[in-house]
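Here is the structure we will look at.
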There are 4 protein chains.
Amino acid sequence: MHAIGVDIGGTKIAAGVVDDDGRIVAKTKRKSVGLSVDDLDAAVVDACRELASEHEIGAIGLAAPGFIGADQATVRFTPNLPWRDHPLRDRVLAGLGMDVPVVVENDANAAGWAEFRFGVARDVQDMLLLTVGTGLGGAVVTAGRLVLGAWGVAAEVGHMRVVPDGQLCGCGQNGCWEQYASGSALVREARAVAATDPARAAAILAHADGDADRIKGPYVTKAALAGDPLAIELLAEVGRWVGEGSATVAALLDPEMVVVGGGVAAAGDLLLLPAREAFGTHLSARGFRPEARIELAAMGNEAGIVGAADLARH
Amino acid sequence: MHAIGVDIGGTKIAAGVVDDDGRIVAKTKRKSVGLSVDDLDAAVVDACRELASEHEIGAIGLAAPGFIGADQATVRFTPNLPWRDHPLRDRVLAGLGMDVPVVVENDANAAGWAEFRFGVARDVQDMLLLTVGTGLGGAVVTAGRLVLGAWGVAAEVGHMRVVPDGQLCGCGQNGCWEQYASGSALVREARAVAATDPARAAAILAHADGDADRIKGPYVTKAALAGDPLAIELLAEVGRWVGEGSATVAALLDPEMVVVGGGVAAAGDLLLLPAREAFGTHLSARGFRPEARIELAAMGNEAGIVGAADLARH
Amino acid sequence: MHAIGVDIGGTKIAAGVVDDDGRIVAKTKRKSVGLSVDDLDAAVVDACRELASEHEIGAIGLAAPGFIGADQATVRFTPNLPWRDHPLRDRVLAGLGMDVPVVVENDANAAGWAEFRFGVARDVQDMLLLTVGTGLGGAVVTAGRLVLGAWGVAAEVGHMRVVPDGQLCGCGQNGCWEQYASGSALVREARAVAATDPARAAAILAHADGDADRIKGPYVTKAALAGDPLAIELLAEVGRWVGEGSATVAALLDPEMVVVGGGVAAAGDLLLLPAREAFGTHLSARGFRPEARIELAAMGNEAGIVGAADLARH
Amino acid sequence: MHAIGVDIGGTKIAAGVVDDDGRIVAKTKRKSVGLSVDDLDAAVVDACRELASEHEIGAIGLAAPGFIGADQATVRFTPNLPWRDHPLRDRVLAGLGMDVPVVVENDANAAGWAEFRFGVARDVQDMLLLTVGTGLGGAVVTAGRLVLGAWGVAAEVGHMRVVPDGQLCGCGQNGCWEQYASGSALVREARAVAATDPARAAAILAHADGDADRIKGPYVTKAALAGDPLAIELLAEVGRWVGEGSATVAALLDPEMVVVGGGVAAAGDLLLLPAREAFGTHLSARGFRPEARIELAAMGNEAGIVGAADLARH
């Protein structure tokens, strides 16, 4: 059965028709930035209609950032879109006038589901996905089921506290994991070194016109891949936190695999090797249990589309 | 259907026949301390045979401390009993000569399952159980299912790290949650005050013949219930860590309820109120989501028997 | 003997003639904001000349923020003024054409010296001054002598690390004391609550036109003095860190008194009582030693003038 | 002028005649273990009398562990000797019947003074001594003067807090520096690895008859010097804490040199190189100031004798 998956982001809406094997057989796009609530609904409907006009569709999955209700129908809160307690499923059903199951999902959950069903974790039943991007998102699968939580807000891994009295987080708490294992953390620490010791940060600053405030995550990665010692150290620090936090999750959930995706994962082994080492060192009861593998995500940018479509089918 | 539940501890084996409503209709006991592997198997078999001789039994659940294999048949490691990679299910089946399903479970999981099915959490689908005893054990239920993990060692909540470079734990790691939220933590801190400032700890020391080394957890609770300021503060500190750690778990699992059991829970509100306050203060996205309730466990010492029996039925 | 003290800040230069008892007998001012290096030198000279024209002067003390050389003659680095490795003493001597001893001092050291000589600490020989303002500055007196350090940069108390992996500091390090015990910390935490839970921060927001980004330290103090629970809690948190950090300093230096000044000290007991409690709780070897008193600074805004003048005399 | 220095430890009393250049020209010993208060006084007197019978003596310095009164005459508290608020100076003067200045000092202060006057720090004026033994002791010299503190208990460096909620210390506090930078920390962490992962600790266990509980600090050092990776890592961790804590002290005191002595310093560069690296990485305002050198102590076991004698002369 074919299903539509829609990945709704702050700048664009990417939609696709996904077959039973997780392959995208057709795609379309709409822009989302600056749209009103109604126009945003209309754009989602329009993208689905276009795809449905050429394919027989059995279900529709909509992935959005932020908090999704446990009913899998309502968007409670999205940081970069205007929806607030918004009945997205009903709006899309009404707009389409079709009679198919529509499911709303958190975008990290959708991406995690895609990895679990068709990606690097397709042979495991217990998985933690970490999306190391600007922030730190995630998804949890236990015994082959996606964990949604009592109110649909499970897997907010980025807001697990890893350092008491640590860095202030945008969520209002201190010491959240995403303050240490994210692109923002990478940039913050790179800028701090660049501001206080420019010589040491020269290779990174070279990508930012010499201006510490213009340093971005990909510049650090680029410098690291070219062998810059500071950039390598900064990425290793992020990797270390990925691993240490994963060891804490492993004590609770005992996953078989930790999948690492998101923009910072472009650093590959520069992120992964320190993550694995820290995970092993901090894993409780090491030696009495097999050790979870830490692997790069395999599904790329379209994981959200594929996962949303597949979740809608289930 | 009646099922037998067996709770195998370091000093005794407690077994019971449990009906569909979680009521124990018959009970028996054996001692376990000092037994060899074979004698321990025999004692379990003997207890089951006694109960099965007077009741029709549809299943047997065996709860043991430590690591249980994901096959729910093998005891991988128990801290206070001689079993190591021990095929407990097959031994018991062979010893009994009966043809019923036998399931082996971690004891904290069994207790958590009892609370979920028949206790304070019987109306929720997503639950975290914390057993605040000498150590800190736990169980996790998501969407009505017990989380076992890839290798059966999920819910080792006591070994989630809450303080980098924190207290050394018996597991070899530093800063494990059970070093802060347990009876051992309570005793450690009480002894430290008593050793360095005996006057301040006078009310607690009075229960320990004036000897700091003889302070035990229940003495602190007793002093606190009688109004001793230091004892109240020490319990509040443990409660604070219960709440702060629970907030971290809530970011990951979004439970509807946190159930607090174990010996330290005898302190009641002296533990619970500080836990609730700390949970609320540290909950991520507070205000955008309902807040999990933190409640005392309701099933008492027989939760292990009831939960083991009920898990075997499922 | 009369001496001139000059307190050179980022916006103005305040100068005065100080008598042997620490009283200011004449005062003058110049503005400093936006001045070039030469104009800044000239303004200092001009202020001194004005005062010297009407008083017989035996010494001149110049207090500036930032790093002062151990020679007490050179300004190595000032955050808000253009001096870099600047021979301030020689410039002022040349400009004045007078033959008097001129001494350059760090402004917090000057303020601390004033408290030690004429203020709340005039009867003690071992003192720690903490200036809890935007940042956290300080001064150390041991056995009646100001501690300058090998290179003149002692008493940078704000950059003692109190939390490993803690808040990023402008200095490039993490977890510096001034990230927890300062007006900036107060504002950061107040804004975080206001952004995520505006109702709870209503009394503070009322002073900031309802805009979290416009919250300033004095608004929190004002709300606290009017009884707002959140504001009181935020100040108590800063006070707690003042006390805990002071206990760490006390392990090293064993002061008889900790003097607390700076803008946040306007909160009085709302800051001081939590500081004292935390200090007592965290003081090592408590019970084997007398406990240092924690007191408010007594010299007010003119401490810099008085201290600079008096240091020049010694 | 010749002076006697006496280093009074828990097992023996070592005394010597010290010349103006810090050389020991005569030595003697008494045992101290198990002695009563009076016998201990008598043993100190006896040792001094023996030395004074053959040398003209101008002063006597007595170094003891624990808290010494700021009067430099009284032993307030010693952990391994029976003196409590004991007027040691007056007892020794009365016992000897001589008319010379007698001064009582803390033993780490005496050792630090010896390094400052005649050892590796003889050319600096601002120094921090760290004695990394079972615990972590120290001495502070600023501007050429030993810092005693208001009540004589300054330089208790081991009890500066470096980790909030960290390891419980024997002093009753949590997270004291000596819980991370000492031989006890080294042993604690080595034993933890050996207990949970014996294979990894094989080289260290080989020195301890395979028994984790019998691991001692020197065994770790021995294994590290022979190239064992775990032992090297454990020592580097202690070194890292020496360096990070020293950076915190440097923010406060700006020393020119950090001198590292005590039993663990036998590891030499295995301790020192990680200490230097961590110090540099965590030093505030690095780049705006010269960097303190971290060096091994040079005076050996007799530093206490030499320093006590020399302090008595001053």
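Ordering of the structure tokens sets the chain letters (A, B, ...); residue numbers start at 1 within each chain; ligands are numbered from 1 in the order shown.
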Exercise for the section: Extract, using only C-alpha atoms, all DNA, RNA and protein residues at most 9 Å from stretch 297-301 of chain D, discarding same-chain residues fewer than 2 positions from it, and format them as a PyMOL selection string. Expected result: chain D and resi 111-112+114-115+118-121+129-131+259-262+265+295+303-306
Restricted to C-alpha atoms, what would the selected residues look like written as a tab-separated table (two decimals), in the first residue's frame?
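Below is the file that was written, result.tsv:
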chain	number	residue	atom	x	y	z
D	111	ALA	CA	57.15	21.67	53.77
D	112	GLY	CA	55.85	24.46	51.55
D	114	ALA	CA	61.11	24.73	52.65
D	115	GLU	CA	60.32	24.59	48.91
D	118	PHE	CA	65.48	26.39	49.46
D	119	GLY	CA	63.68	24.21	46.94
D	120	VAL	CA	62.19	24.46	43.48
D	121	ALA	CA	60.37	27.71	44.33
D	129	LEU	CA	52.37	23.90	47.24
D	130	LEU	CA	50.24	20.80	46.79
D	131	THR	CA	51.08	17.64	48.69
D	259	VAL	CA	54.82	22.90	43.40
D	260	VAL	CA	53.58	19.30	43.45
D	261	GLY	CA	54.89	16.97	46.14
D	262	GLY	CA	53.64	14.01	48.14
D	265	ALA	CA	54.32	12.87	42.74
D	295	GLU	CA	56.90	21.72	39.00
D	303	ALA	CA	61.12	19.36	53.76
D	304	GLY	CA	59.14	19.39	57.01
D	305	ILE	CA	62.28	19.54	59.17
D	306	VAL	CA	63.91	22.22	57.06
Practice task
Please provide as a ChimeraX atom specification all residues within 12 Å of B:Pro229, with the sequence filter that same-chain residues fewer than 5 positions apart are discarded (counting only C-alpha atoms).
Solution key: /B:200-204,220-224,234-236,270
Residue set, stretch 199-289 of chain B restricted to helix (DSSP H, G or I), as a PDB file with N, CA and C atoms, in the first residue's frame:
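Produced file part25.pdb, reproduced below:
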ATOM      1  N   ALA B 202      22.101  14.689  66.973  1.00  0.00           N
ATOM      2  CA  ALA B 202      21.806  14.001  68.236  1.00  0.00           C
ATOM      3  C   ALA B 202      20.549  13.135  68.161  1.00  0.00           C
ATOM      4  N   ALA B 203      19.499  13.650  67.562  1.00  0.00           N
ATOM      5  CA  ALA B 203      18.229  12.907  67.526  1.00  0.00           C
ATOM      6  C   ALA B 203      18.363  11.615  66.723  1.00  0.00           C
ATOM      7  N   ILE B 204      19.184  11.626  65.705  1.00  0.00           N
ATOM      8  CA  ILE B 204      19.392  10.403  64.913  1.00  0.00           C
ATOM      9  C   ILE B 204      20.317   9.464  65.674  1.00  0.00           C
ATOM     10  N   LEU B 205      21.385  10.015  66.236  1.00  0.00           N
ATOM     11  CA  LEU B 205      22.338   9.191  66.975  1.00  0.00           C
ATOM     12  C   LEU B 205      21.674   8.489  68.161  1.00  0.00           C
ATOM     13  N   ALA B 206      20.633   9.116  68.710  1.00  0.00           N
ATOM     14  CA  ALA B 206      19.955   8.503  69.860  1.00  0.00           C
ATOM     15  C   ALA B 206      19.408   7.116  69.518  1.00  0.00           C
ATOM     16  N   HIS B 207      19.065   6.916  68.241  1.00  0.00           N
ATOM     17  CA  HIS B 207      18.569   5.601  67.823  1.00  0.00           C
ATOM     18  C   HIS B 207      19.699   4.609  67.566  1.00  0.00           C
ATOM     19  N   ALA B 208      20.937   5.094  67.533  1.00  0.00           N
ATOM     20  CA  ALA B 208      22.070   4.257  67.131  1.00  0.00           C
ATOM     21  C   ALA B 208      23.098   4.140  68.240  1.00  0.00           C
ATOM     22  N   ALA B 212      27.905   6.773  65.147  1.00  0.00           N
ATOM     23  CA  ALA B 212      27.589   7.184  63.776  1.00  0.00           C
ATOM     24  C   ALA B 212      27.580   5.984  62.821  1.00  0.00           C
ATOM     25  N   ASP B 213      28.490   5.034  63.044  1.00  0.00           N
ATOM     26  CA  ASP B 213      28.596   3.895  62.130  1.00  0.00           C
ATOM     27  C   ASP B 213      27.391   2.965  62.203  1.00  0.00           C
ATOM     28  N   ARG B 214      26.598   3.114  63.263  1.00  0.00           N
ATOM     29  CA  ARG B 214      25.438   2.228  63.389  1.00  0.00           C
ATOM     30  C   ARG B 214      24.141   2.893  62.926  1.00  0.00           C
ATOM     31  N   GLY B 217      18.958   3.671  57.818  1.00  0.00           N
ATOM     32  CA  GLY B 217      17.923   4.495  57.189  1.00  0.00           C
ATOM     33  C   GLY B 217      16.681   4.677  58.042  1.00  0.00           C
ATOM     34  N   PRO B 218      16.113   3.587  58.589  1.00  0.00           N
ATOM     35  CA  PRO B 218      14.883   3.750  59.370  1.00  0.00           C
ATOM     36  C   PRO B 218      15.051   4.666  60.576  1.00  0.00           C
ATOM     37  N   TYR B 219      16.283   4.777  61.110  1.00  0.00           N
ATOM     38  CA  TYR B 219      16.482   5.678  62.248  1.00  0.00           C
ATOM     39  C   TYR B 219      16.289   7.123  61.789  1.00  0.00           C
ATOM     40  N   VAL B 220      16.769   7.419  60.599  1.00  0.00           N
ATOM     41  CA  VAL B 220      16.599   8.784  60.088  1.00  0.00           C
ATOM     42  C   VAL B 220      15.114   9.070  59.895  1.00  0.00           C
ATOM     43  N   THR B 221      14.416   8.110  59.316  1.00  0.00           N
ATOM     44  CA  THR B 221      12.980   8.286  59.099  1.00  0.00           C
ATOM     45  C   THR B 221      12.253   8.482  60.427  1.00  0.00           C
ATOM     46  N   LYS B 222      12.608   7.649  61.401  1.00  0.00           N
ATOM     47  CA  LYS B 222      11.970   7.754  62.708  1.00  0.00           C
ATOM     48  C   LYS B 222      12.205   9.152  63.305  1.00  0.00           C
ATOM     49  N   ALA B 223      13.440   9.611  63.262  1.00  0.00           N
ATOM     50  CA  ALA B 223      13.758  10.939  63.803  1.00  0.00           C
ATOM     51  C   ALA B 223      13.011  12.027  63.036  1.00  0.00           C
ATOM     52  N   ALA B 224      12.895  11.850  61.725  1.00  0.00           N
ATOM     53  CA  ALA B 224      12.209  12.862  60.911  1.00  0.00           C
ATOM     54  C   ALA B 224      10.730  12.911  61.265  1.00  0.00           C
ATOM     55  N   LEU B 225      10.130  11.745  61.403  1.00  0.00           N
ATOM     56  CA  LEU B 225       8.703  11.709  61.737  1.00  0.00           C
ATOM     57  C   LEU B 225       8.453  12.332  63.116  1.00  0.00           C
ATOM     58  N   PRO B 229      14.919  18.359  62.801  1.00  0.00           N
ATOM     59  CA  PRO B 229      15.191  19.162  61.601  1.00  0.00           C
ATOM     60  C   PRO B 229      16.227  18.534  60.662  1.00  0.00           C
ATOM     61  N   LEU B 230      17.320  17.986  61.209  1.00  0.00           N
ATOM     62  CA  LEU B 230      18.335  17.395  60.347  1.00  0.00           C
ATOM     63  C   LEU B 230      17.774  16.206  59.584  1.00  0.00           C
ATOM     64  N   ALA B 231      17.054  15.337  60.268  1.00  0.00           N
ATOM     65  CA  ALA B 231      16.505  14.152  59.607  1.00  0.00           C
ATOM     66  C   ALA B 231      15.528  14.545  58.506  1.00  0.00           C
ATOM     67  N   ILE B 232      14.723  15.568  58.791  1.00  0.00           N
ATOM     68  CA  ILE B 232      13.784  16.060  57.771  1.00  0.00           C
ATOM     69  C   ILE B 232      14.550  16.580  56.564  1.00  0.00           C
ATOM     70  N   GLU B 233      15.626  17.298  56.816  1.00  0.00           N
ATOM     71  CA  GLU B 233      16.434  17.858  55.733  1.00  0.00           C
ATOM     72  C   GLU B 233      17.094  16.750  54.906  1.00  0.00           C
ATOM     73  N   LEU B 234      17.589  15.723  55.579  1.00  0.00           N
ATOM     74  CA  LEU B 234      18.244  14.617  54.868  1.00  0.00           C
ATOM     75  C   LEU B 234      17.246  13.867  53.987  1.00  0.00           C
ATOM     76  N   LEU B 235      16.044  13.650  54.504  1.00  0.00           N
ATOM     77  CA  LEU B 235      15.027  12.982  53.682  1.00  0.00           C
ATOM     78  C   LEU B 235      14.584  13.875  52.524  1.00  0.00           C
ATOM     79  N   ALA B 236      14.499  15.172  52.781  1.00  0.00           N
ATOM     80  CA  ALA B 236      14.106  16.097  51.718  1.00  0.00           C
ATOM     81  C   ALA B 236      15.131  16.095  50.595  1.00  0.00           C
ATOM     82  N   GLU B 237      16.393  15.946  50.983  1.00  0.00           N
ATOM     83  CA  GLU B 237      17.460  15.891  49.987  1.00  0.00           C
ATOM     84  C   GLU B 237      17.292  14.652  49.096  1.00  0.00           C
ATOM     85  N   VAL B 238      17.012  13.518  49.707  1.00  0.00           N
ATOM     86  CA  VAL B 238      16.750  12.304  48.919  1.00  0.00           C
ATOM     87  C   VAL B 238      15.513  12.519  48.041  1.00  0.00           C
ATOM     88  N   GLY B 239      14.488  13.126  48.622  1.00  0.00           N
ATOM     89  CA  GLY B 239      13.283  13.406  47.849  1.00  0.00           C
ATOM     90  C   GLY B 239      13.557  14.328  46.679  1.00  0.00           C
ATOM     91  N   ARG B 240      14.373  15.324  46.917  1.00  0.00           N
ATOM     92  CA  ARG B 240      14.741  16.253  45.846  1.00  0.00           C
ATOM     93  C   ARG B 240      15.374  15.505  44.681  1.00  0.00           C
ATOM     94  N   TRP B 241      16.261  14.565  44.996  1.00  0.00           N
ATOM     95  CA  TRP B 241      16.906  13.807  43.927  1.00  0.00           C
ATOM     96  C   TRP B 241      15.917  12.868  43.241  1.00  0.00           C
ATOM     97  N   VAL B 242      14.961  12.321  43.996  1.00  0.00           N
ATOM     98  CA  VAL B 242      13.914  11.513  43.370  1.00  0.00           C
ATOM     99  C   VAL B 242      13.184  12.363  42.322  1.00  0.00           C
ATOM    100  N   GLY B 243      12.858  13.593  42.706  1.00  0.00           N
ATOM    101  CA  GLY B 243      12.116  14.457  41.796  1.00  0.00           C
ATOM    102  C   GLY B 243      12.947  14.933  40.622  1.00  0.00           C
ATOM    103  N   GLU B 244      14.182  15.317  40.867  1.00  0.00           N
ATOM    104  CA  GLU B 244      15.008  15.833  39.774  1.00  0.00           C
ATOM    105  C   GLU B 244      15.312  14.733  38.758  1.00  0.00           C
ATOM    106  N   GLY B 245      15.637  13.552  39.248  1.00  0.00           N
ATOM    107  CA  GLY B 245      15.887  12.449  38.332  1.00  0.00           C
ATOM    108  C   GLY B 245      14.628  12.074  37.563  1.00  0.00           C
ATOM    109  N   SER B 246      13.498  12.117  38.231  1.00  0.00           N
ATOM    110  CA  SER B 246      12.241  11.787  37.554  1.00  0.00           C
ATOM    111  C   SER B 246      11.943  12.778  36.433  1.00  0.00           C
ATOM    112  N   ALA B 247      12.327  14.027  36.623  1.00  0.00           N
ATOM    113  CA  ALA B 247      12.123  15.020  35.569  1.00  0.00           C
ATOM    114  C   ALA B 247      12.954  14.656  34.342  1.00  0.00           C
ATOM    115  N   THR B 248      14.153  14.126  34.567  1.00  0.00           N
ATOM    116  CA  THR B 248      14.982  13.680  33.447  1.00  0.00           C
ATOM    117  C   THR B 248      14.323  12.498  32.727  1.00  0.00           C
ATOM    118  N   VAL B 249      13.816  11.554  33.501  1.00  0.00           N
ATOM    119  CA  VAL B 249      13.116  10.422  32.882  1.00  0.00           C
ATOM    120  C   VAL B 249      11.880  10.909  32.121  1.00  0.00           C
ATOM    121  N   ALA B 250      11.197  11.892  32.682  1.00  0.00           N
ATOM    122  CA  ALA B 250       9.977  12.395  32.036  1.00  0.00           C
ATOM    123  C   ALA B 250      10.283  13.022  30.685  1.00  0.00           C
ATOM    124  N   ALA B 251      11.451  13.651  30.548  1.00  0.00           N
ATOM    125  CA  ALA B 251      11.817  14.213  29.247  1.00  0.00           C
ATOM    126  C   ALA B 251      11.927  13.106  28.207  1.00  0.00           C
ATOM    127  N   LEU B 252      12.336  11.934  28.654  1.00  0.00           N
ATOM    128  CA  LEU B 252      12.520  10.824  27.721  1.00  0.00           C
ATOM    129  C   LEU B 252      11.245  10.021  27.513  1.00  0.00           C
ATOM    130  N   LEU B 253      10.476   9.789  28.579  1.00  0.00           N
ATOM    131  CA  LEU B 253       9.384   8.812  28.491  1.00  0.00           C
ATOM    132  C   LEU B 253       7.990   9.398  28.702  1.00  0.00           C
ATOM    133  N   GLY B 263      11.743   0.886  50.907  1.00  0.00           N
ATOM    134  CA  GLY B 263      11.758   1.178  52.335  1.00  0.00           C
ATOM    135  C   GLY B 263      11.732   2.658  52.677  1.00  0.00           C
ATOM    136  N   VAL B 264      12.432   3.483  51.908  1.00  0.00           N
ATOM    137  CA  VAL B 264      12.510   4.908  52.239  1.00  0.00           C
ATOM    138  C   VAL B 264      11.154   5.591  52.055  1.00  0.00           C
ATOM    139  N   ALA B 265      10.283   4.978  51.232  1.00  0.00           N
ATOM    140  CA  ALA B 265       8.954   5.558  51.010  1.00  0.00           C
ATOM    141  C   ALA B 265       8.107   5.544  52.277  1.00  0.00           C
ATOM    142  N   ALA B 266       8.553   4.814  53.293  1.00  0.00           N
ATOM    143  CA  ALA B 266       7.852   4.856  54.576  1.00  0.00           C
ATOM    144  C   ALA B 266       7.827   6.266  55.158  1.00  0.00           C
ATOM    145  N   ALA B 267       8.727   7.123  54.694  1.00  0.00           N
ATOM    146  CA  ALA B 267       8.748   8.500  55.180  1.00  0.00           C
ATOM    147  C   ALA B 267       7.579   9.312  54.633  1.00  0.00           C
ATOM    148  N   ASP B 269       5.108  11.754  53.070  1.00  0.00           N
ATOM    149  CA  ASP B 269       5.192  13.113  52.538  1.00  0.00           C
ATOM    150  C   ASP B 269       6.553  13.762  52.758  1.00  0.00           C
ATOM    151  N   LEU B 270       7.282  13.327  53.771  1.00  0.00           N
ATOM    152  CA  LEU B 270       8.615  13.902  54.007  1.00  0.00           C
ATOM    153  C   LEU B 270       9.530  13.611  52.825  1.00  0.00           C
ATOM    154  N   LEU B 271       9.231  12.547  52.099  1.00  0.00           N
ATOM    155  CA  LEU B 271       9.974  12.225  50.875  1.00  0.00           C
ATOM    156  C   LEU B 271       9.236  12.767  49.660  1.00  0.00           C
ATOM    157  N   LEU B 272       7.920  12.615  49.664  1.00  0.00           N
ATOM    158  CA  LEU B 272       7.119  12.866  48.471  1.00  0.00           C
ATOM    159  C   LEU B 272       6.987  14.355  48.142  1.00  0.00           C
ATOM    160  N   LEU B 273       6.770  15.177  49.164  1.00  0.00           N
ATOM    161  CA  LEU B 273       6.559  16.604  48.869  1.00  0.00           C
ATOM    162  C   LEU B 273       7.807  17.233  48.251  1.00  0.00           C
ATOM    163  N   PRO B 274       8.995  16.994  48.818  1.00  0.00           N
ATOM    164  CA  PRO B 274      10.187  17.551  48.148  1.00  0.00           C
ATOM    165  C   PRO B 274      10.385  16.956  46.748  1.00  0.00           C
ATOM    166  N   ALA B 275      10.002  15.689  46.565  1.00  0.00           N
ATOM    167  CA  ALA B 275      10.128  15.081  45.240  1.00  0.00           C
ATOM    168  C   ALA B 275       9.215  15.788  44.249  1.00  0.00           C
ATOM    169  N   ARG B 276       7.985  16.053  44.660  1.00  0.00           N
ATOM    170  CA  ARG B 276       7.040  16.714  43.743  1.00  0.00           C
ATOM    171  C   ARG B 276       7.504  18.118  43.401  1.00  0.00           C
ATOM    172  N   GLU B 277       7.997  18.824  44.423  1.00  0.00           N
ATOM    173  CA  GLU B 277       8.427  20.192  44.143  1.00  0.00           C
ATOM    174  C   GLU B 277       9.610  20.207  43.176  1.00  0.00           C
ATOM    175  N   ALA B 278      10.573  19.335  43.419  1.00  0.00           N
ATOM    176  CA  ALA B 278      11.742  19.304  42.543  1.00  0.00           C
ATOM    177  C   ALA B 278      11.357  18.847  41.141  1.00  0.00           C
ATOM    178  N   PHE B 279      10.427  17.926  41.050  1.00  0.00           N
ATOM    179  CA  PHE B 279       9.972  17.450  39.735  1.00  0.00           C
ATOM    180  C   PHE B 279       9.366  18.600  38.947  1.00  0.00           C
ATOM    181  N   GLY B 280       8.480  19.341  39.605  1.00  0.00           N
ATOM    182  CA  GLY B 280       7.828  20.458  38.918  1.00  0.00           C
ATOM    183  C   GLY B 280       8.832  21.511  38.479  1.00  0.00           C
ATOM    184  N   THR B 281       9.778  21.818  39.357  1.00  0.00           N
ATOM    185  CA  THR B 281      10.759  22.857  39.047  1.00  0.00           C
ATOM    186  C   THR B 281      11.661  22.463  37.889  1.00  0.00           C
ATOM    187  N   HIS B 282      11.938  21.182  37.753  1.00  0.00           N
ATOM    188  CA  HIS B 282      12.910  20.743  36.749  1.00  0.00           C
ATOM    189  C   HIS B 282      12.276  20.117  35.515  1.00  0.00           C
TER     190      HIS B 282
END
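The set of residues in stretch 111-245 of chain A assigned to strand (DSSP E or B) by DSSP, using only backbone atoms of this structure, is Met127, Leu128, Leu129, Leu130, Thr131, Val132, Leu136, Gly137, Gly138, Ala139, Val140, Val141, Thr142, Arg145, Leu146, Arg161, Gly166, Leu168, Asn174 and Cys176 of chain A.
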At most 8 Å is the cut-off: for each residue in chain A with any atom that close to an atom of chain C, write down the nearest atom pair and the distance in Å rounded to one decimal, counting only C-alpha atoms, chain first then increasing number, as a Markdown table.
| residue | atom | partner | partner_atom | distance |
| --- | --- | --- | --- | --- |
| A:Val163 | CA | C:Asp165 | CA | 7.1 |
| A:Asp165 | CA | C:Gly166 | CA | 6.4 |
| A:Gly166 | CA | C:Gly166 | CA | 4.1 |
| A:Gln167 | CA | C:Gln167 | CA | 4.3 |
| A:Leu168 | CA | C:Gln167 | CA | 6.8 |
| A:Gly170 | CA | C:Ala192 | CA | 7.4 |
| A:Cys171 | CA | C:Thr196 | CA | 6.8 |
| A:Gly172 | CA | C:Ala192 | CA | 4.8 |
| A:Gln173 | CA | C:Ala192 | CA | 7.8 |
| A:Gly175 | CA | C:Gly166 | CA | 7.6 |
| A:Glu189 | CA | C:Gly172 | CA | 7.9 |
| A:Ala192 | CA | C:Gly172 | CA | 4.8 |
| A:Val193 | CA | C:Gly172 | CA | 6.0 |
| A:Ala195 | CA | C:Gly172 | CA | 7.5 |
| A:Thr196 | CA | C:Gly172 | CA | 6.0 |
Emit the selected residues as a short mmCIF file (atom, residue, chain, number, x, y, z; two decimals), in the first residue's frame, including C-alpha atoms.
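Written file, part.cif:
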data_model
loop_
_atom_site.label_atom_id
_atom_site.label_comp_id
_atom_site.auth_asym_id
_atom_site.auth_seq_id
_atom_site.Cartn_x
_atom_site.Cartn_y
_atom_site.Cartn_z
CA VAL A 163 24.83 18.63 34.27
CA ASP A 165 23.58 23.83 37.40
CA GLY A 166 24.86 23.53 33.84
CA GLN A 167 24.30 25.72 30.77
CA LEU A 168 20.99 27.56 30.62
CA GLY A 170 16.10 27.85 25.91
CA CYS A 171 13.53 25.68 27.68
CA GLY A 172 14.23 27.52 30.93
CA GLN A 173 16.09 24.66 32.60
CA GLY A 175 22.15 21.56 32.03
CA GLU A 189 32.34 26.60 22.40
CA ALA A 192 34.31 31.15 22.99
CA VAL A 193 37.74 29.91 21.98
CA ALA A 195 36.95 35.22 21.07
CA THR A 196 39.55 34.56 23.72
#
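Restricting the calculation to only C-alpha atoms, the smallest distance between D:Phe67 and any of D:Pro79, D:Gly5, D:Gly210, D:Gly227 is found for D:Pro79.
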Fill in the blank from the handout: What separates atom CA of A:Val147 and atom CA of A:Glu56 is a distance of 29.6 Å
Problem - Residues within 9 Å of stretch 40-53 of chain B, only C-alpha atoms, excluding chain neighbours under 4 positions, as a PyMOL selection string - result: chain B and resi 4-6+8+13-17+26-36+57+60+62+81-83+88+91-93+95-96
